[in-house]
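Data file: run_26.txt. Format and content: compact mmCIF, C-alpha atoms.
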```txt
# COMPACT_ATOMS: atom_id res chain seq x y z
CA MET V 567 -23.65 10.89 23.36
CA TYR V 568 -24.74 8.34 20.76
CA ASN V 569 -24.21 7.77 17.05
CA ILE V 570 -26.55 6.47 14.39
CA GLY V 571 -25.39 3.86 11.89
CA ILE V 572 -27.33 3.03 8.74
CA ASP V 573 -26.82 -0.16 6.72
CA LEU V 574 -28.43 0.39 3.32
CA GLY V 575 -29.02 -2.78 1.32
CA GLY V 576 -30.88 -3.70 -1.81
CA THR V 577 -33.66 -5.27 0.28
CA ASN V 578 -33.62 -3.61 3.69
CA ILE V 579 -32.61 -0.38 5.41
CA VAL V 580 -31.42 -1.19 8.94
CA VAL V 581 -30.61 1.61 11.39
CA GLY V 582 -28.94 1.26 14.77
CA VAL V 583 -28.24 3.56 17.70
CA VAL V 584 -24.69 2.89 18.91
CA ASP V 585 -23.53 3.83 22.41
CA LYS V 586 -20.08 4.88 23.63
CA ASN V 587 -19.13 1.22 24.16
CA ASN V 588 -19.89 0.46 20.50
CA ASN V 589 -23.01 -1.54 21.36
CA ILE V 590 -26.26 -1.27 19.40
CA ILE V 591 -28.98 -0.30 21.88
CA GLY V 592 -31.87 0.22 19.46
CA LYS V 593 -32.80 -0.74 15.89
CA GLY V 594 -35.26 0.33 13.23
CA GLU V 595 -35.92 -1.15 9.79
CA ARG V 596 -37.66 -0.36 6.52
CA LYS V 597 -37.83 -2.02 3.12
CA THR V 598 -35.62 -0.40 0.49
CA ASN V 599 -38.24 -1.00 -2.22
CA ILE V 600 -36.00 -0.22 -5.17
CA PRO V 601 -36.13 1.23 -7.72
CA ARG V 602 -37.46 4.54 -6.43
CA PRO V 603 -36.11 8.07 -5.94
CA ALA V 604 -33.17 8.40 -3.55
CA GLU V 605 -34.98 11.15 -1.63
CA ASN V 606 -37.72 8.69 -0.68
CA ILE V 607 -35.21 6.11 0.49
CA PHE V 608 -33.50 8.72 2.67
CA GLU V 609 -36.87 9.67 4.17
CA ASP V 610 -37.29 6.03 5.19
CA MET V 611 -33.80 6.05 6.72
CA TYR V 612 -34.89 8.91 8.93
CA ALA V 613 -38.15 7.15 9.87
CA ALA V 614 -36.25 3.96 10.76
CA ALA V 615 -33.81 6.03 12.81
CA LEU V 616 -36.70 7.48 14.83
CA ASP V 617 -37.86 3.92 15.56
CA ALA V 618 -34.33 2.98 16.66
CA LEU V 619 -34.11 6.03 18.94
CA ASP V 620 -37.47 5.19 20.45
CA GLN V 621 -36.38 1.62 21.14
CA ALA V 622 -33.13 2.88 22.67
CA GLY V 623 -34.95 5.38 24.86
CA VAL V 624 -32.95 8.38 23.63
CA SER V 625 -33.76 11.36 21.42
CA MET V 626 -32.15 12.94 18.37
CA LYS V 627 -30.62 15.66 20.56
CA ASP V 628 -28.52 12.90 22.19
CA VAL V 629 -27.00 11.95 18.79
CA GLU V 630 -23.62 13.30 17.73
CA TYR V 631 -22.97 11.78 14.28
CA VAL V 632 -24.81 9.84 11.58
CA GLY V 633 -23.05 7.35 9.31
CA LEU V 634 -24.24 5.47 6.22
CA GLY V 635 -22.87 2.31 4.65
CA THR V 636 -24.07 1.84 1.07
CA PRO V 637 -23.36 -0.52 -1.83
CA GLY V 638 -21.36 1.11 -4.59
CA ALA V 639 -18.63 3.71 -4.96
CA VAL V 640 -18.58 6.72 -2.63
CA GLU V 641 -16.57 9.90 -3.20
CA PRO V 642 -14.81 10.14 0.18
CA GLU V 643 -14.60 13.92 0.52
CA THR V 644 -18.10 14.89 -0.64
CA GLY V 645 -20.08 11.85 0.48
CA VAL V 646 -21.61 11.48 -2.98
CA ILE V 647 -22.60 7.96 -4.04
CA THR V 648 -21.16 8.16 -7.52
CA TYR V 649 -22.57 4.83 -8.67
CA SER V 650 -24.47 1.90 -7.17
CA ALA V 651 -25.86 -0.61 -9.64
CA ASN V 652 -27.88 -2.48 -7.01
CA LEU V 653 -29.65 0.69 -5.86
CA PHE V 654 -29.91 2.39 -9.27
CA PHE V 655 -28.03 5.36 -7.79
CA HIS V 656 -25.91 7.73 -9.85
CA ASN V 657 -24.29 10.80 -8.26
CA VAL V 658 -26.59 10.81 -5.23
CA PRO V 659 -25.49 13.49 -2.68
CA ALA V 660 -25.91 11.17 0.30
CA LYS V 661 -24.07 13.29 2.87
CA LYS V 662 -26.19 16.33 2.00
CA LEU V 663 -29.45 14.35 2.09
CA LEU V 664 -28.58 12.90 5.51
CA GLU V 665 -27.57 16.22 7.02
CA GLU V 666 -30.74 17.90 5.77
CA ARG V 667 -32.91 15.28 7.45
CA PHE V 668 -31.00 14.51 10.64
CA GLY V 669 -29.50 17.90 11.38
CA LYS V 670 -26.23 16.17 12.28
CA MET V 671 -22.83 15.87 10.64
CA ALA V 672 -22.97 12.82 8.39
CA PHE V 673 -20.37 10.43 6.98
CA VAL V 674 -20.83 8.04 4.05
CA GLY V 675 -18.84 4.94 3.11
CA ASN V 676 -19.05 1.76 1.07
CA ASP V 677 -20.98 -0.95 2.94
CA ALA V 678 -18.15 -3.51 2.85
CA ASN V 679 -15.71 -0.90 4.15
CA CYS V 680 -18.14 -0.01 6.95
CA ALA V 681 -18.46 -3.67 7.96
CA ALA V 682 -14.67 -3.98 7.99
CA PHE V 683 -14.33 -0.82 10.06
CA GLY V 684 -16.92 -2.11 12.52
CA GLU V 685 -14.96 -5.33 12.97
CA TYR V 686 -11.77 -3.32 13.33
CA ILE V 687 -13.10 -0.99 16.02
CA ALA V 688 -15.39 -3.32 17.97
CA GLY V 689 -14.85 -6.89 16.78
CA ALA V 690 -12.11 -9.15 15.47
CA GLY V 691 -9.53 -6.39 14.96
CA LYS V 692 -10.05 -4.13 17.95
CA PHE V 693 -6.56 -4.70 19.36
CA ALA V 694 -4.78 -4.45 15.99
CA ARG V 695 -3.30 -1.56 14.04
CA ASP V 696 -3.82 -3.14 10.60
CA MET V 697 -6.63 -5.49 9.57
CA ILE V 698 -8.25 -6.88 6.45
CA ALA V 699 -11.84 -8.14 6.53
CA VAL V 700 -12.80 -10.85 4.03
CA THR V 701 -16.49 -11.60 3.46
CA LEU V 702 -17.38 -14.90 1.80
CA GLY V 703 -20.93 -14.32 0.58
CA THR V 704 -22.62 -14.12 -2.81
CA GLY V 705 -19.35 -12.51 -3.86
CA VAL V 706 -16.10 -11.95 -2.03
CA GLY V 707 -16.08 -8.55 -0.38
CA GLY V 708 -13.79 -6.90 2.07
CA GLY V 709 -12.20 -3.85 3.55
CA ILE V 710 -8.64 -2.85 4.34
CA ILE V 711 -7.50 -0.89 7.39
CA MET V 712 -3.85 0.16 7.46
CA ASP V 713 -2.28 2.38 10.11
CA GLU V 714 -5.70 2.66 11.79
CA LYS V 715 -7.34 4.13 8.66
CA LEU V 716 -9.66 2.69 6.05
CA VAL V 717 -8.02 2.39 2.64
CA VAL V 718 -10.60 3.82 0.23
CA GLY V 719 -8.46 5.06 -2.68
CA PHE V 720 -8.56 8.48 -4.28
CA ASN V 721 -11.95 7.70 -5.82
CA GLY V 722 -13.51 5.75 -2.94
CA ALA V 723 -13.44 2.44 -4.83
CA ALA V 724 -10.53 0.65 -3.11
CA GLY V 725 -10.91 -2.65 -1.29
CA GLU V 726 -12.42 -4.77 -4.08
CA ILE V 727 -10.31 -7.73 -2.99
CA GLY V 728 -12.60 -10.27 -4.64
CA HIS V 729 -11.53 -9.10 -8.06
CA MET V 730 -7.86 -9.96 -7.95
CA VAL V 731 -7.19 -12.76 -10.42
CA ILE V 732 -5.97 -16.06 -8.96
CA GLN V 733 -6.39 -18.12 -12.16
CA VAL V 734 -5.52 -16.59 -15.52
CA ASP V 735 -8.26 -17.35 -18.07
CA GLY V 736 -10.26 -19.03 -15.32
CA GLU V 737 -13.96 -18.89 -14.45
CA HIS V 738 -15.81 -15.86 -15.81
CA CYS V 739 -16.62 -13.21 -13.21
CA ASN V 740 -19.56 -10.78 -13.25
CA CYS V 741 -17.06 -7.90 -13.17
CA GLY V 742 -16.02 -8.81 -16.72
CA ARG V 743 -12.68 -10.43 -15.92
CA SER V 744 -11.90 -14.13 -15.74
CA GLY V 745 -10.31 -16.02 -12.87
CA CYS V 746 -11.19 -13.60 -10.07
CA TRP V 747 -10.86 -14.78 -6.48
CA GLU V 748 -14.61 -14.21 -6.13
CA SER V 749 -15.23 -16.82 -8.82
CA TYR V 750 -13.51 -19.47 -6.69
CA ALA V 751 -13.98 -18.44 -3.04
CA SER V 752 -17.52 -17.04 -2.82
CA ALA V 753 -20.58 -18.93 -1.63
CA THR V 754 -21.72 -18.79 -5.25
CA ALA V 755 -18.54 -20.57 -6.32
CA LEU V 756 -19.02 -23.22 -3.63
CA ILE V 757 -22.54 -23.84 -4.91
CA ARG V 758 -21.22 -24.15 -8.47
CA MET V 759 -18.61 -26.67 -7.33
CA THR V 760 -21.27 -28.63 -5.42
CA ASN V 761 -23.55 -28.77 -8.46
CA ALA V 762 -20.65 -30.00 -10.60
CA LEU V 763 -20.03 -32.81 -8.11
CA ARG V 764 -23.72 -33.64 -8.00
CA GLU V 765 -23.86 -33.98 -11.78
CA LYS V 766 -21.53 -36.97 -11.48
CA GLY V 767 -24.45 -38.69 -9.74
CA ASN V 768 -22.49 -40.98 -7.44
CA ASP V 769 -22.69 -39.40 -3.98
CA PRO V 770 -25.74 -40.66 -2.06
CA ILE V 771 -24.74 -38.78 1.10
CA LEU V 772 -24.76 -35.47 -0.78
CA GLU V 773 -28.17 -36.29 -2.31
CA LYS V 774 -29.54 -37.08 1.15
CA VAL V 775 -28.34 -33.74 2.53
CA ILE V 776 -29.72 -31.82 -0.47
CA ALA V 777 -33.09 -33.50 -0.04
CA ALA V 778 -33.17 -32.51 3.64
CA GLU V 779 -32.09 -28.95 2.85
CA GLY V 780 -34.49 -28.60 -0.09
CA GLU V 781 -31.88 -27.01 -2.37
CA VAL V 782 -28.22 -26.88 -3.25
CA ASN V 783 -26.76 -24.09 -1.12
CA ALA V 784 -23.37 -23.24 0.33
CA LYS V 785 -23.98 -25.43 3.39
CA VAL V 786 -24.66 -28.81 1.81
CA ALA V 787 -21.10 -29.79 0.84
CA TYR V 788 -19.84 -29.18 4.38
CA ALA V 789 -22.85 -30.98 5.86
CA ALA V 790 -22.29 -33.98 3.57
CA ALA V 791 -18.60 -34.03 4.49
CA ARG V 792 -19.58 -34.21 8.17
CA GLU V 793 -21.90 -37.11 7.30
CA GLY V 794 -18.98 -39.03 5.81
CA SER V 795 -18.88 -38.10 2.12
CA GLU V 796 -15.26 -38.35 1.01
CA GLN V 797 -16.01 -36.53 -2.25
CA CYS V 798 -17.53 -33.59 -0.40
CA ALA V 799 -14.65 -33.58 2.06
CA GLN V 800 -12.27 -33.22 -0.89
CA LEU V 801 -14.46 -30.50 -2.42
CA CYS V 802 -14.34 -28.53 0.85
CA GLU V 803 -10.57 -28.97 0.97
CA THR V 804 -10.30 -27.58 -2.58
CA TYR V 805 -12.55 -24.68 -1.69
CA ALA V 806 -10.44 -23.89 1.38
CA LYS V 807 -7.35 -23.85 -0.83
CA TYR V 808 -8.98 -21.23 -3.06
CA VAL V 809 -9.90 -19.12 -0.04
CA ALA V 810 -6.36 -19.43 1.30
CA THR V 811 -4.79 -18.49 -2.04
CA GLY V 812 -6.43 -15.05 -2.02
CA ILE V 813 -5.62 -14.52 1.65
CA VAL V 814 -1.97 -15.37 1.05
CA ASN V 815 -1.89 -12.75 -1.71
CA LEU V 816 -3.24 -10.17 0.75
CA ILE V 817 -0.72 -11.18 3.41
CA ASN V 818 2.22 -11.06 1.01
CA MET V 819 1.19 -7.61 -0.23
CA LEU V 820 0.25 -5.93 3.04
CA GLN V 821 1.28 -8.10 6.04
CA PRO V 822 -1.69 -7.06 8.23
CA GLU V 823 -1.81 -8.02 11.89
CA VAL V 824 -5.26 -9.60 11.52
CA ILE V 825 -7.39 -11.01 8.74
CA CYS V 826 -10.95 -11.79 9.77
CA ILE V 827 -13.28 -13.96 7.71
CA GLY V 828 -17.02 -13.30 7.70
CA GLY V 829 -20.00 -13.94 5.48
CA GLY V 830 -22.24 -16.98 5.22
CA VAL V 831 -19.54 -19.57 4.56
CA SER V 832 -17.67 -18.47 7.69
CA HIS V 833 -20.45 -20.10 9.74
CA GLU V 834 -18.70 -23.40 9.03
CA GLY V 835 -16.19 -22.30 11.67
CA GLU V 836 -13.17 -24.54 12.19
CA ALA V 837 -14.16 -26.79 9.30
CA LEU V 838 -13.28 -23.85 7.06
CA LEU V 839 -10.63 -22.17 9.20
CA GLU V 840 -8.36 -25.17 9.88
CA PRO V 841 -7.49 -26.03 6.25
CA VAL V 842 -7.33 -22.33 5.31
CA LYS V 843 -4.75 -21.73 8.05
CA ARG V 844 -2.82 -24.84 7.00
CA TYR V 845 -2.51 -23.67 3.39
CA ILE V 846 -1.60 -20.13 4.49
CA ALA V 847 1.20 -21.49 6.68
CA GLN V 848 2.60 -23.35 3.68
CA GLN V 849 2.42 -20.47 1.21
CA SER V 850 2.73 -17.09 2.93
CA TYR V 851 5.97 -15.15 2.74
CA THR V 852 7.60 -13.38 5.67
CA ARG V 853 11.13 -12.63 6.74
CA ASP V 854 10.40 -13.75 10.30
CA ASN V 855 8.70 -17.10 10.89
CA SER V 856 8.11 -16.61 14.61
CA GLU V 857 4.47 -16.90 15.67
CA GLU V 858 4.21 -13.32 16.90
CA MET V 859 5.22 -12.04 13.46
CA GLN V 860 2.52 -13.98 11.59
CA THR V 861 -0.85 -12.59 10.54
CA VAL V 862 -3.65 -13.80 12.83
CA ILE V 863 -6.45 -15.50 10.87
CA GLN V 864 -9.77 -15.57 12.70
CA LEU V 865 -13.51 -15.44 12.22
CA ALA V 866 -15.39 -12.14 12.22
CA LYS V 867 -17.31 -11.48 15.43
CA LEU V 868 -20.05 -8.93 14.78
CA GLY V 869 -22.15 -10.68 12.13
CA ASN V 870 -24.81 -8.50 10.51
CA ASP V 871 -24.21 -5.73 13.07
CA ALA V 872 -20.72 -4.96 11.70
CA GLY V 873 -22.00 -2.62 8.99
CA ILE V 874 -24.21 -0.65 11.37
CA ILE V 875 -21.46 -0.22 13.95
CA GLY V 876 -18.87 0.66 11.29
CA ALA V 877 -21.15 3.26 9.73
CA ALA V 878 -21.87 4.81 13.12
CA LEU V 879 -18.13 5.10 13.77
CA LEU V 880 -17.05 6.45 10.36
CA HIS V 881 -16.27 9.80 11.99
CA LYS V 882 -13.32 8.05 13.69
CA ASN V 883 -11.70 7.12 10.37
CA GLY V 884 -8.48 9.13 10.22
```
Using structure tokens, write down the structure from this file.
Amino acid sequence: MYNIGIDLGGTNIVVGVVDKNNNIIGKGERKTNIPRPAENIFEDMYAAALDALDQAGVSMKDVEYVGLGTPGAVEPETGVITYSANLFFHNVPAKKLLEERFGKMAFVGNDANCAAFGEYIAGAGKFARDMIAVTLGTGVGGGIIMDEKLVVGFNGAAGEIGHMVIQVDGEHCNCGRSGCWESYASATALIRMTNALREKGNDPILEKVIAAEGEVNAKVAYAAAREGSEQCAQLCETYAKYVATGIVNLINMLQPEVICIGGGVSHEGEALLEPVKRYIAQQSYTRDNSEEMQTVIQLAKLGNDAGIIGAALLHKNG
């Protein structure tokens, strides 16, 4: 039997057919084209799923479960998307809409939680009991798995790790608070820091990299550091310290076996991971300093497929 996983984003709907080995064997895609009625979006999910099944060479009768990962808050028992600002959804009965169209039992979860669950089952955390996924993208997202179960909270809104404050009265965050981890460790924050350095006007290596890239993005500071810019090297070190600060908070609170880091900035690989691990080793608290009792920090492994796989496997959560 197979499962269908749906990754619903503000731009694209991506559907995958997932086999018993947790591999995606067929994909289909449609544009989300928001704002428009939820019923129309769910019709396109079904159409994309038919494309994915066709590519996989299987039929709907071979499918056991359907899972959906969506931005926003999801009521865990009913599968209702209570609110999603990016999709203009309010109290959308997603589970019901899926089951009406697919004729299969459906499960609905937050997209970041689905990506974390995918990494936990089939990626960076597949041999662990507890894992936290950290995504360094436009914001800082994540998902928490403890005792082999996603932590979603009584209202489905748990796991917003990017909105713990690491600097009182610090940078303003879009959530309304100030000093959130997201405001210091996201790709957006790295771009802000790079622009602030650029305004000083005394780093020709950075200017050369920006000219080649065509814009200031989250890659240019690391690229300039590799080219020999000492200022950018220090900026990347500062950024890594911010990333590590939030991770240390998570470790000290929950002591997970694994923390995996994904998102666009994670593509910097060891250039990001090495200083992050160094700061974590200096700051994290544990009663046992032996290596086997320390949280493993590693890069996520599934990339953009994590959300599809996690959604397809939501039926395994608890």
Using all atoms listed in the file, what table do you get, as JSON lines, when you list each residue of segment 621-722 of chain V with an atom no more than 7 Å from segment 803-826 of chain V, its nearest pair of atoms, and their distance in Å rounded to one decimal, rows by chain then rising number?
```
{"residue": "V:Ala690", "atom": "CA", "partner": "V:Cys826", "partner_atom": "CA", "distance": 6.4}
{"residue": "V:Gly691", "atom": "CA", "partner": "V:Val824", "partner_atom": "CA", "distance": 6.4}
{"residue": "V:Ala694", "atom": "CA", "partner": "V:Glu823", "partner_atom": "CA", "distance": 6.2}
{"residue": "V:Arg695", "atom": "CA", "partner": "V:Glu823", "partner_atom": "CA", "distance": 7.0}
{"residue": "V:Asp696", "atom": "CA", "partner": "V:Pro822", "partner_atom": "CA", "distance": 5.1}
{"residue": "V:Met697", "atom": "CA", "partner": "V:Val824", "partner_atom": "CA", "distance": 4.8}
{"residue": "V:Ile698", "atom": "CA", "partner": "V:Ile825", "partner_atom": "CA", "distance": 4.8}
{"residue": "V:Ala699", "atom": "CA", "partner": "V:Cys826", "partner_atom": "CA", "distance": 5.0}
{"residue": "V:Val700", "atom": "CA", "partner": "V:Cys826", "partner_atom": "CA", "distance": 6.1}
```
Let me see the file: selected residues, C-alpha atoms, as a PDB file, in the coordinates of the input.
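Resulting contents of result.pdb:
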```pdb
ATOM      1  CA  ALA V 690     -12.110  -9.150  15.470  1.00  0.00           C
ATOM      2  CA  GLY V 691      -9.530  -6.390  14.960  1.00  0.00           C
ATOM      3  CA  ALA V 694      -4.780  -4.450  15.990  1.00  0.00           C
ATOM      4  CA  ARG V 695      -3.300  -1.560  14.040  1.00  0.00           C
ATOM      5  CA  ASP V 696      -3.820  -3.140  10.600  1.00  0.00           C
ATOM      6  CA  MET V 697      -6.630  -5.490   9.570  1.00  0.00           C
ATOM      7  CA  ILE V 698      -8.250  -6.880   6.450  1.00  0.00           C
ATOM      8  CA  ALA V 699     -11.840  -8.140   6.530  1.00  0.00           C
ATOM      9  CA  VAL V 700     -12.800 -10.850   4.030  1.00  0.00           C
TER      10      VAL V 700
END
```
### Nearest residue to Leu868 of chain V from the set V:Met626, V:Ala681, V:Leu716, V:Ile711 (distances using all atoms listed in the file)
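Under the stated criterion, the closest residue is V:Ala681.
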### Pick from V:Glu665, V:Asp713, V:Asp628, V:Asp735, whichever lies nearest to Glu609 of chain V using all atoms listed in the file
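Counting all atoms listed in the file, the residue closest to Glu609 of chain V is V:Glu665.
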#### Entry: Nearest residue to Met759 of chain V from the set V:Ser625, V:Gln797, V:Gln733, V:Ser744 (distances using only C-alpha atoms)
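Counting only C-alpha atoms, the residue closest to Met759 of chain V is V:Gln797.
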### Query
What is the atom CA of Leu865 of chain V to atom CA of His833 of chain V distance in Å?
8.7 Å
Would you pick out the contacts of Gly582 of chain V at 9 Å or less, using all atoms listed in the file, so that residues sharing its chain but fewer than 6 positions from it are not included, and give the list as a PDB file with C-alpha atoms, in the coordinates of the input?
```pdb
ATOM      1  CA  ASN V 569     -24.210   7.770  17.050  1.00  0.00           C
ATOM      2  CA  ILE V 570     -26.550   6.470  14.390  1.00  0.00           C
ATOM      3  CA  GLY V 571     -25.390   3.860  11.890  1.00  0.00           C
ATOM      4  CA  ILE V 572     -27.330   3.030   8.740  1.00  0.00           C
ATOM      5  CA  ASP V 573     -26.820  -0.160   6.720  1.00  0.00           C
ATOM      6  CA  ILE V 590     -26.260  -1.270  19.400  1.00  0.00           C
ATOM      7  CA  ILE V 591     -28.980  -0.300  21.880  1.00  0.00           C
ATOM      8  CA  GLY V 592     -31.870   0.220  19.460  1.00  0.00           C
ATOM      9  CA  LYS V 593     -32.800  -0.740  15.890  1.00  0.00           C
ATOM     10  CA  GLY V 594     -35.260   0.330  13.230  1.00  0.00           C
ATOM     11  CA  GLU V 595     -35.920  -1.150   9.790  1.00  0.00           C
ATOM     12  CA  ALA V 614     -36.250   3.960  10.760  1.00  0.00           C
ATOM     13  CA  ALA V 615     -33.810   6.030  12.810  1.00  0.00           C
ATOM     14  CA  ALA V 618     -34.330   2.980  16.660  1.00  0.00           C
ATOM     15  CA  LEU V 619     -34.110   6.030  18.940  1.00  0.00           C
ATOM     16  CA  ASP V 871     -24.210  -5.730  13.070  1.00  0.00           C
ATOM     17  CA  ILE V 874     -24.210  -0.650  11.370  1.00  0.00           C
ATOM     18  CA  ILE V 875     -21.460  -0.220  13.950  1.00  0.00           C
ATOM     19  CA  ALA V 878     -21.870   4.810  13.120  1.00  0.00           C
TER      20      ALA V 878
END
```
### Task
Could you check which of V:Ile687, V:Val706, V:Thr598, V:Leu772 is closest to Cys746 of chain V, using only C-alpha atoms?
V:Val706
### Task
Give the answer as one residue: which of V:Val646, V:Ile600, V:Val581, V:Ala777 has the shortest atom-to-atom distance to Ala622 of chain V, using all atoms listed in the file?
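Under the stated criterion, the closest residue is V:Val581.
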### Task
Choose the residue, out of V:Cys739, V:Cys680, V:Ile727, V:Ala688, that has the smallest atom-to-atom separation from Asn588 of chain V; count only C-alpha atoms.
V:Ala688
### Query
In Å, with one decimal, what is the gap from atom CA of Arg596 of chain V to atom CA of Gly576 of chain V?
11.2 Å
### Message
Rounded to one decimal, what separation in Å do you get between atom CA of Ser832 of chain V and atom CA of Phe683 of chain V?
### Response
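These atoms are spaced 18.1 Å apart.
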### Task
Write out as a PyMOL selection string each polymer residue whose atoms come within 12 Å of Cys802 of chain V, counting all atoms listed in the file; drop sequence neighbours fewer than 4 positions from it.
chain V and resi 750-751+753+755-757+759-760+763+784-792+795-798+806-809+831+834+837-842
Would you tabulate, counting only C-alpha atoms, all residues of segment 656-755 of chain V that have an atom at most 10 Å from an atom of segment 634-637 of chain V, showing the closest pair of atoms and their distance in Å to one decimal, sorted by chain then ascending number, as CSV?
```
residue,atom,partner,partner_atom,distance
V:Ala660,CA,V:Leu634,CA,8.4
V:Lys661,CA,V:Leu634,CA,8.5
V:Leu664,CA,V:Leu634,CA,8.6
V:Ala672,CA,V:Leu634,CA,7.8
V:Phe673,CA,V:Leu634,CA,6.3
V:Val674,CA,V:Leu634,CA,4.8
V:Gly675,CA,V:Gly635,CA,5.1
V:Asn676,CA,V:Thr636,CA,5.0
V:Asp677,CA,V:Gly635,CA,4.1
V:Ala678,CA,V:Pro637,CA,7.6
V:Asn679,CA,V:Gly635,CA,7.9
V:Cys680,CA,V:Gly635,CA,5.7
V:Ala681,CA,V:Gly635,CA,8.1
```
Given the selection you just returned, output its residues as a file containing C-alpha atoms, formatted as an mmCIF file, in the coordinates of the input.
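File part-v5.cif, as written:
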```cif
data_model
loop_
_atom_site.group_PDB
_atom_site.id
_atom_site.type_symbol
_atom_site.label_atom_id
_atom_site.label_comp_id
_atom_site.auth_asym_id
_atom_site.auth_seq_id
_atom_site.Cartn_x
_atom_site.Cartn_y
_atom_site.Cartn_z
ATOM 1 C CA ALA V 660 -25.910 11.170 0.300
ATOM 2 C CA LYS V 661 -24.070 13.290 2.870
ATOM 3 C CA LEU V 664 -28.580 12.900 5.510
ATOM 4 C CA ALA V 672 -22.970 12.820 8.390
ATOM 5 C CA PHE V 673 -20.370 10.430 6.980
ATOM 6 C CA VAL V 674 -20.830 8.040 4.050
ATOM 7 C CA GLY V 675 -18.840 4.940 3.110
ATOM 8 C CA ASN V 676 -19.050 1.760 1.070
ATOM 9 C CA ASP V 677 -20.980 -0.950 2.940
ATOM 10 C CA ALA V 678 -18.150 -3.510 2.850
ATOM 11 C CA ASN V 679 -15.710 -0.900 4.150
ATOM 12 C CA CYS V 680 -18.140 -0.010 6.950
ATOM 13 C CA ALA V 681 -18.460 -3.670 7.960
#
```
### Task
Please work out which residues fall within 8 Å of (-16.9, 0.5, -6.7), coordinates as given in the file, with all atoms listed in the file counting, and return them as an MDAnalysis selection string.
chainID V and resid 638:640 649:650 722:724 726
Can you tell me which residues surround Arg743 of chain V at a distance of at most 9 Å, considering only C-alpha atoms, apart from same-chain residues fewer than 6 positions away, and format the answer as a PDB file with C-alpha atoms, keeping the file's coordinate frame?
```
ATOM      1  CA  HIS V 729     -11.530  -9.100  -8.060  1.00  0.00           C
ATOM      2  CA  VAL V 731      -7.190 -12.760 -10.420  1.00  0.00           C
ATOM      3  CA  ASP V 735      -8.260 -17.350 -18.070  1.00  0.00           C
ATOM      4  CA  GLY V 736     -10.260 -19.030 -15.320  1.00  0.00           C
ATOM      5  CA  GLU V 737     -13.960 -18.890 -14.450  1.00  0.00           C
TER       6      GLU V 737
END
```
